[in-house]
file query.cif (mmCIF, C-alpha atoms)
data_data
loop_
_atom_site.label_atom_id
_atom_site.label_comp_id
_atom_site.auth_asym_id
_atom_site.auth_seq_id
_atom_site.Cartn_x
_atom_site.Cartn_y
_atom_site.Cartn_z
CA MET A 1 -6.51 -22.76 -18.14
CA GLY A 2 -5.10 -19.57 -16.74
CA THR A 3 -3.35 -17.65 -14.01
CA VAL A 4 -5.17 -17.73 -10.67
CA ILE A 5 -4.84 -15.02 -8.04
CA GLU A 6 -4.38 -17.10 -4.91
CA ARG A 7 -4.27 -14.23 -2.41
CA VAL A 8 -4.40 -10.42 -2.28
CA ALA A 9 -2.94 -8.21 0.45
CA LEU A 10 -3.24 -4.44 0.80
CA THR A 11 -1.32 -2.00 3.00
CA GLU A 12 -2.30 1.58 3.86
CA GLY A 13 0.35 4.15 4.53
CA GLY A 14 1.04 4.86 8.21
CA TRP A 15 3.44 7.13 10.07
CA LEU A 16 6.47 4.94 9.30
CA THR A 17 5.50 4.00 5.74
CA ARG A 18 3.77 7.03 4.26
CA ARG A 19 6.94 8.17 2.50
CA SER A 20 8.31 4.74 1.58
CA ALA A 21 6.89 2.83 -1.36
CA LEU A 22 9.46 0.13 -0.59
CA ARG A 23 8.17 -0.47 2.94
CA LEU A 24 4.57 -0.50 1.71
CA ALA A 25 5.35 -3.04 -1.01
CA VAL A 26 7.40 -5.23 1.33
CA LYS A 27 4.69 -5.30 4.01
CA SER A 28 2.05 -6.18 1.41
CA ALA A 29 4.22 -8.95 0.00
CA LYS A 30 4.97 -10.44 3.41
CA ASP A 31 1.31 -10.30 4.46
CA CYS A 32 0.23 -11.91 1.20
CA LEU A 33 2.67 -14.81 1.56
CA GLU A 34 1.81 -15.33 5.23
CA ARG A 35 -1.94 -15.46 4.55
CA ALA A 36 -1.38 -17.94 1.75
CA GLY A 37 0.87 -20.13 3.91
CA ARG A 38 3.72 -19.70 1.44
CA ASP A 39 7.44 -19.38 2.04
CA PRO A 40 9.21 -16.44 0.33
CA ASP A 41 11.47 -18.92 -1.45
CA ASP A 42 8.38 -20.33 -3.20
CA VAL A 43 8.24 -17.13 -5.26
CA GLU A 44 10.03 -17.76 -8.56
CA LEU A 45 8.95 -14.52 -10.25
CA LEU A 46 8.41 -11.11 -8.64
CA VAL A 47 7.08 -8.21 -10.72
CA ASN A 48 6.88 -4.73 -9.23
CA ALA A 49 4.37 -2.34 -10.83
CA GLY A 50 4.85 0.58 -8.43
CA ILE A 51 5.82 3.96 -9.88
CA TYR A 52 6.46 6.64 -7.24
CA ARG A 53 9.19 5.55 -4.89
CA ASP A 54 11.55 6.60 -2.13
CA ARG A 55 13.72 9.62 -2.99
CA ASN A 56 12.65 9.37 -6.66
CA LEU A 57 14.96 6.35 -6.92
CA GLY A 58 15.68 5.22 -10.48
CA GLU A 59 18.11 2.38 -9.87
CA PRO A 60 18.46 -0.37 -8.79
CA ALA A 61 15.15 -1.98 -9.67
CA MET A 62 12.67 -1.71 -6.80
CA ALA A 63 11.69 -5.34 -7.43
CA ALA A 64 15.20 -6.49 -6.49
CA MET A 65 15.02 -4.54 -3.24
CA ILE A 66 11.60 -6.01 -2.44
CA GLN A 67 12.92 -9.49 -3.20
CA GLN A 68 15.84 -8.93 -0.83
CA ASP A 69 13.68 -7.55 1.98
CA ILE A 70 11.11 -10.37 1.92
CA GLY A 71 13.86 -13.01 1.70
CA ALA A 72 12.85 -14.58 -1.61
CA ASN A 73 15.99 -16.50 -2.63
CA PRO A 74 18.22 -13.48 -1.97
CA GLU A 75 21.41 -15.43 -2.62
CA ASP A 76 22.72 -16.40 -6.05
CA PRO A 77 20.92 -19.54 -7.34
CA HIS A 78 22.72 -22.78 -6.60
CA ALA A 79 23.63 -25.11 -9.45
CA GLY A 80 20.39 -26.56 -10.74
CA GLY A 81 18.32 -24.16 -8.63
CA GLN A 82 15.81 -21.67 -9.95
CA GLY A 83 16.01 -18.77 -7.53
CA THR A 84 13.74 -15.73 -7.94
CA PHE A 85 13.63 -13.56 -11.08
CA SER A 86 12.53 -10.01 -10.27
CA PHE A 87 12.04 -6.84 -12.31
CA ASP A 88 10.05 -3.58 -12.49
CA ILE A 89 7.45 -2.50 -15.01
CA SER A 90 6.04 1.01 -15.46
CA ASN A 91 2.50 1.39 -16.74
CA GLY A 92 0.78 3.56 -14.15
CA THR A 93 -2.70 2.49 -13.09
CA CYS A 94 -2.50 -0.27 -15.72
CA GLY A 95 0.61 -1.68 -14.05
CA VAL A 96 -1.05 -4.51 -12.13
CA LEU A 97 -2.99 -5.61 -15.22
CA THR A 98 0.22 -5.52 -17.27
CA ALA A 99 2.05 -7.50 -14.58
CA LEU A 100 -0.71 -10.13 -14.54
CA GLN A 101 -0.36 -10.52 -18.31
CA ILE A 102 3.41 -11.00 -17.96
CA VAL A 103 2.98 -13.44 -15.09
CA ASP A 104 0.42 -15.38 -17.13
CA GLY A 105 3.01 -15.84 -19.89
CA PHE A 106 5.60 -17.22 -17.46
CA LEU A 107 3.10 -19.54 -15.74
CA ARG A 108 1.57 -20.68 -19.03
CA SER A 109 4.99 -21.70 -20.35
CA ARG A 110 5.68 -23.47 -17.02
CA ALA A 111 8.87 -21.46 -16.64
CA VAL A 112 7.69 -20.73 -13.06
CA ASP A 113 5.08 -22.19 -10.73
CA CYS A 114 4.54 -19.27 -8.34
CA ALA A 115 4.64 -15.52 -8.98
CA LEU A 116 4.11 -12.40 -6.91
CA VAL A 117 2.87 -9.08 -8.29
CA VAL A 118 3.55 -6.09 -6.06
CA ALA A 119 2.59 -2.44 -6.41
CA GLY A 120 2.80 0.66 -4.29
CA ASP A 121 3.36 4.38 -4.34
CA ALA A 122 4.31 7.01 -1.80
CA ASP A 123 5.40 10.62 -1.69
CA PRO A 124 9.15 10.30 -2.39
CA GLY A 125 10.15 12.47 0.55
CA HIS A 126 10.19 15.98 1.98
CA GLY A 127 10.80 18.54 -0.76
CA MET A 128 11.06 15.86 -3.45
CA SER A 129 7.58 16.29 -4.92
CA ASP A 130 5.21 19.11 -5.73
CA ASP A 131 1.61 18.46 -4.55
CA PHE A 132 1.88 14.66 -4.60
CA PRO A 133 -1.66 13.51 -5.56
CA PHE A 134 -1.70 9.83 -4.56
CA SER A 135 -2.38 8.02 -1.29
CA PRO A 136 0.49 5.98 0.18
CA ALA A 137 -0.46 2.35 -0.29
CA GLY A 138 0.88 -1.06 -1.27
CA ALA A 139 -0.61 -4.20 -2.75
CA ALA A 140 0.49 -7.75 -3.49
CA LEU A 141 -1.12 -10.54 -5.50
CA LEU A 142 0.13 -14.11 -5.23
CA CYS A 143 -0.42 -16.03 -8.47
CA ASP A 144 -0.22 -19.63 -9.58
CA TRP A 145 -1.58 -21.76 -12.44
CA SER A 146 -4.87 -23.59 -12.91
CA ASP A 147 -5.43 -26.34 -15.47
CA SER A 148 -9.19 -25.92 -15.08
CA ASP A 149 -11.36 -23.23 -16.67
CA ASP A 150 -10.56 -20.82 -13.83
CA GLY A 151 -8.26 -17.84 -13.99
CA LEU A 152 -7.18 -15.05 -16.28
CA GLU A 153 -8.08 -14.89 -19.94
CA ARG A 154 -6.44 -12.80 -22.65
CA ILE A 155 -5.86 -9.09 -21.90
CA HIS A 156 -6.96 -6.69 -24.65
CA TRP A 157 -5.29 -3.28 -25.00
CA VAL A 158 -6.28 0.02 -26.58
CA SER A 159 -3.96 2.98 -27.06
CA ILE A 160 -4.96 6.56 -27.82
CA PRO A 161 -1.66 8.50 -28.08
CA ASP A 162 -1.89 12.01 -26.64
CA ASP A 163 1.77 13.07 -26.21
CA GLY A 164 1.32 13.14 -22.45
CA GLU A 165 -1.29 15.89 -22.53
CA THR A 166 -3.88 14.05 -20.43
CA PHE A 167 -1.59 13.23 -17.51
CA ASN A 168 2.16 13.34 -17.00
CA ALA A 169 4.72 13.25 -14.23
CA THR A 170 8.26 14.56 -14.61
CA VAL A 171 11.32 14.84 -12.41
CA GLY A 172 13.46 17.96 -12.81
CA LEU A 173 15.94 20.09 -10.89
CA ILE A 174 14.58 22.79 -8.56
CA ASP A 175 17.10 24.47 -6.25
CA HIS A 176 19.60 21.66 -6.91
CA HIS A 177 17.08 18.94 -5.96
CA ASN A 178 15.21 16.50 -8.18
CA VAL A 179 11.54 17.35 -7.72
CA LEU A 180 8.59 15.30 -8.97
CA ARG A 181 5.85 17.39 -10.62
CA PHE A 182 2.46 16.51 -12.10
CA ALA A 183 0.19 17.92 -14.80
CA ALA A 184 -3.33 16.71 -15.67
CA ALA A 185 -6.04 17.80 -18.11
CA ASP A 186 -9.44 18.75 -16.72
CA ASP A 187 -11.10 16.03 -18.81
CA LYS A 188 -8.58 13.33 -17.87
CA ASP A 189 -11.17 10.88 -16.54
CA GLU A 190 -13.38 11.22 -19.61
CA ARG A 191 -10.42 10.52 -21.89
CA PHE A 192 -9.37 7.54 -19.79
CA ALA A 193 -12.93 6.22 -19.90
CA ALA A 194 -13.04 6.43 -23.70
CA ALA A 195 -9.95 4.24 -23.97
CA ALA A 196 -11.17 1.86 -21.26
CA ALA A 197 -14.53 1.40 -22.98
CA GLY A 198 -12.69 0.54 -26.19
CA ALA A 199 -10.66 -2.11 -24.36
CA VAL A 200 -13.81 -3.57 -22.79
CA ASP A 201 -15.47 -3.75 -26.20
CA ALA A 202 -12.46 -5.59 -27.67
CA CYS A 203 -12.38 -7.97 -24.70
CA LEU A 204 -16.08 -8.86 -24.91
CA ARG A 205 -15.96 -9.30 -28.68
CA GLY A 206 -12.93 -11.56 -28.31
CA SER A 207 -14.78 -13.73 -25.80
CA ALA A 208 -18.15 -13.58 -27.61
CA LEU A 209 -19.80 -12.36 -24.40
CA THR A 210 -21.94 -9.42 -23.30
CA LEU A 211 -21.79 -7.33 -20.15
CA ASP A 212 -24.93 -9.09 -18.94
CA GLU A 213 -22.87 -12.30 -18.68
CA VAL A 214 -20.25 -10.64 -16.48
CA ASP A 215 -20.76 -10.92 -12.71
CA ALA A 216 -18.60 -7.97 -11.66
CA ILE A 217 -16.71 -5.12 -13.30
CA VAL A 218 -13.53 -4.06 -11.51
CA ALA A 219 -11.97 -0.79 -12.64
CA ALA A 220 -9.09 1.58 -11.98
CA PRO A 221 -8.45 4.41 -11.37
CA ALA A 222 -10.92 4.85 -8.53
CA HIS A 223 -11.96 8.40 -9.42
CA SER A 224 -15.73 8.90 -9.25
CA ALA A 225 -15.61 10.85 -12.53
CA PHE A 226 -13.84 7.97 -14.29
CA ARG A 227 -16.29 5.45 -12.87
CA ALA A 228 -19.28 7.49 -14.01
CA ALA A 229 -17.81 8.16 -17.47
CA LEU A 230 -16.92 4.50 -18.00
CA ALA A 231 -20.37 3.34 -16.91
CA GLY A 232 -21.97 5.87 -19.24
CA ARG A 233 -19.95 4.67 -22.21
CA LEU A 234 -20.78 1.04 -21.39
CA GLY A 235 -24.47 1.85 -20.95
CA ILE A 236 -24.69 0.50 -17.41
CA PRO A 237 -25.38 1.99 -13.95
CA ALA A 238 -22.27 3.28 -12.19
CA ALA A 239 -23.13 0.95 -9.30
CA ARG A 240 -22.10 -2.01 -11.48
CA VAL A 241 -18.52 -0.75 -11.61
CA THR A 242 -16.46 -1.58 -8.51
CA VAL A 243 -13.49 0.66 -7.71
CA ALA A 244 -11.19 0.98 -4.70
CA ASP A 245 -12.60 2.72 -1.63
CA ASP A 246 -9.76 5.23 -1.71
CA ALA A 247 -9.87 7.39 -4.84
CA GLY A 248 -6.27 8.42 -4.20
CA LEU A 249 -4.79 4.97 -4.87
CA HIS A 250 -2.60 4.67 -7.95
CA THR A 251 -0.89 1.40 -8.92
CA ALA A 252 -2.56 -0.47 -6.03
CA SER A 253 -6.01 0.66 -7.17
CA LEU A 254 -6.94 -2.33 -9.35
CA ALA A 255 -5.84 -4.84 -6.69
CA ALA A 256 -7.94 -3.05 -4.06
CA ALA A 257 -10.99 -3.00 -6.32
CA PHE A 258 -10.53 -6.69 -7.17
CA GLU A 259 -10.37 -7.72 -3.52
CA ARG A 260 -13.49 -5.67 -2.81
CA ALA A 261 -15.48 -7.31 -5.61
CA ALA A 262 -14.26 -10.92 -5.45
CA GLY A 263 -16.06 -11.73 -2.20
CA GLY A 264 -19.44 -11.14 -3.83
CA VAL A 265 -18.88 -13.32 -6.89
CA ARG A 266 -19.88 -16.99 -7.10
CA HIS A 267 -17.51 -19.82 -7.98
CA GLY A 268 -17.01 -19.81 -11.72
CA GLY A 269 -18.25 -16.23 -11.97
CA LEU A 270 -16.68 -13.78 -14.37
CA ILE A 271 -14.92 -10.61 -13.25
CA LEU A 272 -14.05 -8.04 -15.89
CA LEU A 273 -10.80 -6.27 -15.04
CA VAL A 274 -10.35 -2.88 -16.71
CA ALA A 275 -7.76 -0.16 -16.16
CA ALA A 276 -6.74 3.06 -17.86
CA ALA A 277 -3.61 5.15 -17.50
CA ALA A 278 -1.54 7.89 -19.06
CA GLY A 279 -0.50 7.48 -22.64
CA ILE A 280 -3.47 6.98 -23.03
CA THR A 281 -3.39 3.23 -22.46
CA ALA A 282 -6.25 0.99 -21.35
CA GLY A 283 -6.59 -2.75 -20.89
CA ALA A 284 -9.39 -5.19 -20.14
CA GLY A 285 -9.49 -8.90 -19.43
CA LEU A 286 -11.82 -11.51 -17.98
CA TYR A 287 -11.03 -13.47 -14.84
CA ARG A 288 -13.00 -16.59 -13.88
CA LEU A 289 -13.12 -16.92 -10.12
CA PRO A 290 -11.97 -20.27 -8.68
CA ALA A 291 -13.66 -21.90 -5.70
CA SER A 292 -10.74 -21.03 -3.40
CA GLN A 293 -11.53 -17.32 -3.70
CA VAL A 294 -15.25 -17.54 -2.95
#

call {"tool": "encode", "arguments": {"input": "query.cif", "output": "structure tokens"}}
result
Amino acid sequence: MGTVIERVALTEGGWLTRRSALRLAVKSAKDCLERAGRDPDDVELLVNAGIYRDRNLGEPAMAAMIQQDIGANPEDPHAGGQGTFSFDISNGTCGVLTALQIVDGFLRSRAVDCALVVAGDADPGHGMSDDFPFSPAGAALLCDWSDSDDGLERIHWVSIPDDGETFNATVGLIDHHNVLRFAAADDKDERFAAAAAGAVDACLRGSALTLDEVDAIVAAPAHSAFRAALAGRLGIPAARVTVADDAGLHTASLAAAFERAAGGVRHGGLILLVAAAAGITAGAGLYRLPASQV
């Protein structure tokens, strides 16, 4: 039993969306629901994992704005009605994996029957960031529950505290404007890979499996240095690790890598999801592919 990813939708930044994480997330969510033949009101839980947003907006929650724009029960719930519960989470490249773990808890308890995970980042606007390093993109994953052996298994986490030395992003005043700035260590990808390998080890030990029994390894971030370092620590060829095509993706990276890998995995096959982010935090979990995604 576990959470099943029914559909994935990705959106690349264009002329009208390249500076709007909200528009990217909304388009991804709408495309995802349309491809799945679902009505927005079917979504009972919406979790937004995006980080870098329009005008460095802090409040209200981006998830509530996405919910409003896609028309997912935007009104107050009627008596006896469920409505849509929406909120943001912030865990960088690990955000989608974190959101899937949260969604799994809601679905497992049967508090909801349908959930939508959204993610997306964009340069917050002219003069509001300093050398923004990520590609504008959005992603959405529609999730429901399976009583079979398909779906998501337990997520295992590893933390290697570094006081923000490896990677950090801060917003501070420059010329009376809030400006987003970034700092990263030269060995960031190696440090991320060390944490990610630890999470993979915990995941495989918890499932009593080996990497040889895994059909695909899906990883984020999509940096070539991270991919190579992770593969080296796992003792496998880098070709076995699938990442997003665009190395500049941030919170949408894991969703893009998953969609890329899922088409080549048989029904019942195992996909290992692994992500690493600032903190340093890394997570890994197994996903058994249902027939509907083959």

call {"tool": "closest_atom_pairs", "arguments": {"input": "query.cif", "of": "range 53-99 of chain A", "to": "range 136-146 of chain A", "cutoff": "12 Å", "atoms": "all atoms listed in the file", "output": "tab-separated table"}}
result
residue	atom	partner	partner_atom	distance
A:Arg53	CA	A:Pro136	CA	10.1
A:Asp54	CA	A:Pro136	CA	11.3
A:Ile66	CA	A:Ala140	CA	11.3
A:Gly95	CA	A:Ala139	CA	11.6
A:Val96	CA	A:Leu141	CA	9.0
A:Leu97	CA	A:Leu141	CA	11.1
A:Ala99	CA	A:Leu141	CA	10.1

call {"tool": "residues_near_point", "arguments": {"input": "query.cif", "point": "(-19.8, -5.3, -8.3)", "cutoff": "10 Å", "atoms": "all atoms listed in the file", "output": "PDB file with C-alpha atoms, keeping the file's coordinate frame"}}
result
ATOM      1  CA  VAL A 214     -20.250 -10.640 -16.480  1.00  0.00           C
ATOM      2  CA  ASP A 215     -20.760 -10.920 -12.710  1.00  0.00           C
ATOM      3  CA  ALA A 216     -18.600  -7.970 -11.660  1.00  0.00           C
ATOM      4  CA  ILE A 217     -16.710  -5.120 -13.300  1.00  0.00           C
ATOM      5  CA  VAL A 218     -13.530  -4.060 -11.510  1.00  0.00           C
ATOM      6  CA  ALA A 238     -22.270   3.280 -12.190  1.00  0.00           C
ATOM      7  CA  ALA A 239     -23.130   0.950  -9.300  1.00  0.00           C
ATOM      8  CA  ARG A 240     -22.100  -2.010 -11.480  1.00  0.00           C
ATOM      9  CA  VAL A 241     -18.520  -0.750 -11.610  1.00  0.00           C
ATOM     10  CA  THR A 242     -16.460  -1.580  -8.510  1.00  0.00           C
ATOM     11  CA  VAL A 243     -13.490   0.660  -7.710  1.00  0.00           C
ATOM     12  CA  ALA A 257     -10.990  -3.000  -6.320  1.00  0.00           C
ATOM     13  CA  PHE A 258     -10.530  -6.690  -7.170  1.00  0.00           C
ATOM     14  CA  ARG A 260     -13.490  -5.670  -2.810  1.00  0.00           C
ATOM     15  CA  ALA A 261     -15.480  -7.310  -5.610  1.00  0.00           C
ATOM     16  CA  ALA A 262     -14.260 -10.920  -5.450  1.00  0.00           C
ATOM     17  CA  GLY A 263     -16.060 -11.730  -2.200  1.00  0.00           C
ATOM     18  CA  GLY A 264     -19.440 -11.140  -3.830  1.00  0.00           C
ATOM     19  CA  VAL A 265     -18.880 -13.320  -6.890  1.00  0.00           C
ATOM     20  CA  ILE A 271     -14.920 -10.610 -13.250  1.00  0.00           C
ATOM     21  CA  LEU A 272     -14.050  -8.040 -15.890  1.00  0.00           C
TER      22      LEU A 272
END

call {"tool": "resolve_selection", "arguments": {"input": "query.cif", "expression": "the PyMOL selection byres ((chain A and resi 68) around 12)", "output": "mmCIF file with C-alpha atoms, in the frame of the given file"}}
result
data_model
loop_
_atom_site.group_PDB
_atom_site.id
_atom_site.type_symbol
_atom_site.label_atom_id
_atom_site.label_comp_id
_atom_site.auth_asym_id
_atom_site.auth_seq_id
_atom_site.Cartn_x
_atom_site.Cartn_y
_atom_site.Cartn_z
ATOM 1 C CA LEU A 22 9.460 0.130 -0.590
ATOM 2 C CA VAL A 26 7.400 -5.230 1.330
ATOM 3 C CA ALA A 29 4.220 -8.950 0.000
ATOM 4 C CA LYS A 30 4.970 -10.440 3.410
ATOM 5 C CA PRO A 40 9.210 -16.440 0.330
ATOM 6 C CA ASP A 41 11.470 -18.920 -1.450
ATOM 7 C CA LEU A 46 8.410 -11.110 -8.640
ATOM 8 C CA PRO A 60 18.460 -0.370 -8.790
ATOM 9 C CA ALA A 61 15.150 -1.980 -9.670
ATOM 10 C CA MET A 62 12.670 -1.710 -6.800
ATOM 11 C CA ALA A 63 11.690 -5.340 -7.430
ATOM 12 C CA ALA A 64 15.200 -6.490 -6.490
ATOM 13 C CA MET A 65 15.020 -4.540 -3.240
ATOM 14 C CA ILE A 66 11.600 -6.010 -2.440
ATOM 15 C CA GLN A 67 12.920 -9.490 -3.200
ATOM 16 C CA ASP A 69 13.680 -7.550 1.980
ATOM 17 C CA ILE A 70 11.110 -10.370 1.920
ATOM 18 C CA GLY A 71 13.860 -13.010 1.700
ATOM 19 C CA ALA A 72 12.850 -14.580 -1.610
ATOM 20 C CA ASN A 73 15.990 -16.500 -2.630
ATOM 21 C CA PRO A 74 18.220 -13.480 -1.970
ATOM 22 C CA GLU A 75 21.410 -15.430 -2.620
ATOM 23 C CA ASP A 76 22.720 -16.400 -6.050
ATOM 24 C CA GLY A 83 16.010 -18.770 -7.530
ATOM 25 C CA THR A 84 13.740 -15.730 -7.940
ATOM 26 C CA PHE A 85 13.630 -13.560 -11.080
ATOM 27 C CA SER A 86 12.530 -10.010 -10.270
#

call {"tool": "resolve_selection", "arguments": {"input": "query.cif", "expression": "the PyMOL selection byres ((chain A and resi 195) around 8)", "output": "PDB file with C-alpha atoms, in the frame of the given file"}}
result
ATOM      1  CA  VAL A 158      -6.280   0.020 -26.580  1.00  0.00           C
ATOM      2  CA  SER A 159      -3.960   2.980 -27.060  1.00  0.00           C
ATOM      3  CA  ILE A 160      -4.960   6.560 -27.820  1.00  0.00           C
ATOM      4  CA  ARG A 191     -10.420  10.520 -21.890  1.00  0.00           C
ATOM      5  CA  PHE A 192      -9.370   7.540 -19.790  1.00  0.00           C
ATOM      6  CA  ALA A 193     -12.930   6.220 -19.900  1.00  0.00           C
ATOM      7  CA  ALA A 194     -13.040   6.430 -23.700  1.00  0.00           C
ATOM      8  CA  ALA A 196     -11.170   1.860 -21.260  1.00  0.00           C
ATOM      9  CA  ALA A 197     -14.530   1.400 -22.980  1.00  0.00           C
ATOM     10  CA  GLY A 198     -12.690   0.540 -26.190  1.00  0.00           C
ATOM     11  CA  ALA A 199     -10.660  -2.110 -24.360  1.00  0.00           C
ATOM     12  CA  ALA A 276      -6.740   3.060 -17.860  1.00  0.00           C
ATOM     13  CA  ILE A 280      -3.470   6.980 -23.030  1.00  0.00           C
ATOM     14  CA  THR A 281      -3.390   3.230 -22.460  1.00  0.00           C
ATOM     15  CA  ALA A 282      -6.250   0.990 -21.350  1.00  0.00           C
TER      16      ALA A 282
END

call {"tool": "residues_around", "arguments": {"input": "query.cif", "residues": "Asp150 in chain A", "least_positions_apart": "4", "cutoff": "8 Å", "atoms": "only C-alpha atoms", "output": "number ranges by chain"}}
result
A: 1-4, 146, 268, 287-290

call {"tool": "atom_distance", "arguments": {"input": "query.cif", "atom1": "CA of Arg110 in chain A", "atom2": "CA of Ala208 in chain A"}}
result
27.9 Å

call {"tool": "resolve_selection", "arguments": {"input": "query.cif", "expression": "the PyMOL selection byres ((chain A and resi 178) around 9)", "output": "number ranges by chain"}}
result
A: 55-56, 127-129, 171-177, 179-180

call {"tool": "closest_residue", "arguments": {"input": "query.cif", "among": "A:Asp246, A:Leu100, A:Ala278, A:Ala220", "to": "Ala183 in chain A", "atoms": "only C-alpha atoms"}}
result
A:Ala278

call {"tool": "closest_residue", "arguments": {"input": "query.cif", "among": "A:Val103, A:Thr93, A:Glu259, A:His156", "to": "Ala222 in chain A", "atoms": "all atoms listed in the file"}}
result
A:Thr93

call {"tool": "atom_distance", "arguments": {"input": "query.cif", "atom1": "CA of Ala275 in chain A", "atom2": "CA of Glu59 in chain A"}}
result
26.7 Å

call {"tool": "axis_aligned_box", "arguments": {"input": "query.cif", "around": "range 201-211 of chain A", "padding_each_side": "6 Å", "output": "AutoDock Vina command-line options"}}
result
--center_x -17.2 --center_y -8.7 --center_z -24.4 --size_x 21.6 --size_y 22.0 --size_z 20.5

call {"tool": "closest_residue", "arguments": {"input": "query.cif", "among": "A:Glu6, A:Asp162, A:Asp189, A:Glu44", "to": "Val112 in chain A", "atoms": "all atoms listed in the file"}}
result
A:Glu44

call {"tool": "closest_residue", "arguments": {"input": "query.cif", "among": "A:Leu152, A:Ala247, A:Thr166, A:Asp131", "to": "Gly269 in chain A", "atoms": "all atoms listed in the file"}}
result
A:Leu152

call {"tool": "residues_around", "arguments": {"input": "query.cif", "residues": "Ala225 in chain A", "least_positions_apart": "3", "cutoff": "8 Å", "atoms": "only C-alpha atoms", "output": "CSV table (one decimal) with C-alpha atoms, in the frame of the given file"}}
result
chain,number,residue,atom,x,y,z
A,189,ASP,CA,-11.2,10.9,-16.5
A,190,GLU,CA,-13.4,11.2,-19.6
A,228,ALA,CA,-19.3,7.5,-14.0
A,229,ALA,CA,-17.8,8.2,-17.5

call {"tool": "atom_distance", "arguments": {"input": "query.cif", "atom1": "CA of Val43 in chain A", "atom2": "CA of Ser109 in chain A"}}
result
16.1 Å

call {"tool": "residues_around", "arguments": {"input": "query.cif", "residues": "Arg181 in chain A", "least_positions_apart": "2", "cutoff": "6 Å", "atoms": "all atoms listed in the file", "output": "PyMOL selection string"}}
result
chain A and resi 130+169-170

call {"tool": "closest_residue", "arguments": {"input": "query.cif", "among": "A:Asp163, A:Asp121, A:Asp147, A:Glu12", "to": "Leu107 in chain A", "atoms": "all atoms listed in the file"}}
result
A:Asp147

call {"tool": "closest_residue", "arguments": {"input": "query.cif", "among": "A:Leu273, A:Ala256, A:Ala122, A:Leu57", "to": "Glu153 in chain A", "atoms": "only C-alpha atoms"}}
result
A:Leu273

call {"tool": "build_atoms", "arguments": {"input": "query.cif", "residues": "range 58-69 of chain A", "atoms": "N, CA, C and O atoms", "output": "PDB file, keeping the file's coordinate frame"}}
result
ATOM      1  N   GLY A  58      15.773   5.797  -9.143  1.00  0.00           N
ATOM      2  CA  GLY A  58      15.680   5.220 -10.480  1.00  0.00           C
ATOM      3  C   GLY A  58      16.296   3.847 -10.562  1.00  0.00           C
ATOM      4  O   GLY A  58      15.784   2.957 -11.222  1.00  0.00           O
ATOM      5  N   GLU A  59      17.406   3.652  -9.903  1.00  0.00           N
ATOM      6  CA  GLU A  59      18.110   2.380  -9.870  1.00  0.00           C
ATOM      7  C   GLU A  59      18.605   2.124  -8.448  1.00  0.00           C
ATOM      8  O   GLU A  59      18.868   3.070  -7.699  1.00  0.00           O
ATOM      9  N   PRO A  60      18.777   0.860  -8.049  1.00  0.00           N
ATOM     10  CA  PRO A  60      18.460  -0.370  -8.790  1.00  0.00           C
ATOM     11  C   PRO A  60      16.957  -0.595  -8.888  1.00  0.00           C
ATOM     12  O   PRO A  60      16.184   0.203  -8.351  1.00  0.00           O
ATOM     13  N   ALA A  61      16.564  -1.660  -9.547  1.00  0.00           N
ATOM     14  CA  ALA A  61      15.150  -1.980  -9.670  1.00  0.00           C
ATOM     15  C   ALA A  61      14.530  -2.168  -8.288  1.00  0.00           C
ATOM     16  O   ALA A  61      15.110  -2.836  -7.423  1.00  0.00           O
ATOM     17  N   MET A  62      13.380  -1.566  -8.068  1.00  0.00           N
ATOM     18  CA  MET A  62      12.670  -1.710  -6.800  1.00  0.00           C
ATOM     19  C   MET A  62      12.331  -3.174  -6.533  1.00  0.00           C
ATOM     20  O   MET A  62      12.343  -3.622  -5.381  1.00  0.00           O
ATOM     21  N   ALA A  63      12.046  -3.923  -7.588  1.00  0.00           N
ATOM     22  CA  ALA A  63      11.690  -5.340  -7.430  1.00  0.00           C
ATOM     23  C   ALA A  63      12.816  -6.111  -6.743  1.00  0.00           C
ATOM     24  O   ALA A  63      12.567  -6.981  -5.906  1.00  0.00           O
ATOM     25  N   ALA A  64      14.068  -5.798  -7.098  1.00  0.00           N
ATOM     26  CA  ALA A  64      15.200  -6.490  -6.490  1.00  0.00           C
ATOM     27  C   ALA A  64      15.308  -6.164  -5.002  1.00  0.00           C
ATOM     28  O   ALA A  64      15.656  -7.037  -4.183  1.00  0.00           O
ATOM     29  N   MET A  65      14.986  -4.934  -4.645  1.00  0.00           N
ATOM     30  CA  MET A  65      15.020  -4.540  -3.240  1.00  0.00           C
ATOM     31  C   MET A  65      13.901  -5.207  -2.457  1.00  0.00           C
ATOM     32  O   MET A  65      14.090  -5.621  -1.307  1.00  0.00           O
ATOM     33  N   ILE A  66      12.722  -5.313  -3.078  1.00  0.00           N
ATOM     34  CA  ILE A  66      11.600  -6.010  -2.440  1.00  0.00           C
ATOM     35  C   ILE A  66      11.957  -7.481  -2.247  1.00  0.00           C
ATOM     36  O   ILE A  66      11.725  -8.067  -1.175  1.00  0.00           O
ATOM     37  N   GLN A  67      12.512  -8.085  -3.276  1.00  0.00           N
ATOM     38  CA  GLN A  67      12.920  -9.490  -3.200  1.00  0.00           C
ATOM     39  C   GLN A  67      13.885  -9.713  -2.037  1.00  0.00           C
ATOM     40  O   GLN A  67      13.753 -10.676  -1.269  1.00  0.00           O
ATOM     41  N   GLN A  68      14.862  -8.822  -1.907  1.00  0.00           N
ATOM     42  CA  GLN A  68      15.840  -8.930  -0.830  1.00  0.00           C
ATOM     43  C   GLN A  68      15.167  -8.813   0.532  1.00  0.00           C
ATOM     44  O   GLN A  68      15.424  -9.601   1.444  1.00  0.00           O
ATOM     45  N   ASP A  69      14.266  -7.835   0.671  1.00  0.00           N
ATOM     46  CA  ASP A  69      13.680  -7.550   1.980  1.00  0.00           C
ATOM     47  C   ASP A  69      12.674  -8.609   2.433  1.00  0.00           C
ATOM     48  O   ASP A  69      12.468  -8.775   3.637  1.00  0.00           O
TER      49      ASP A  69
END
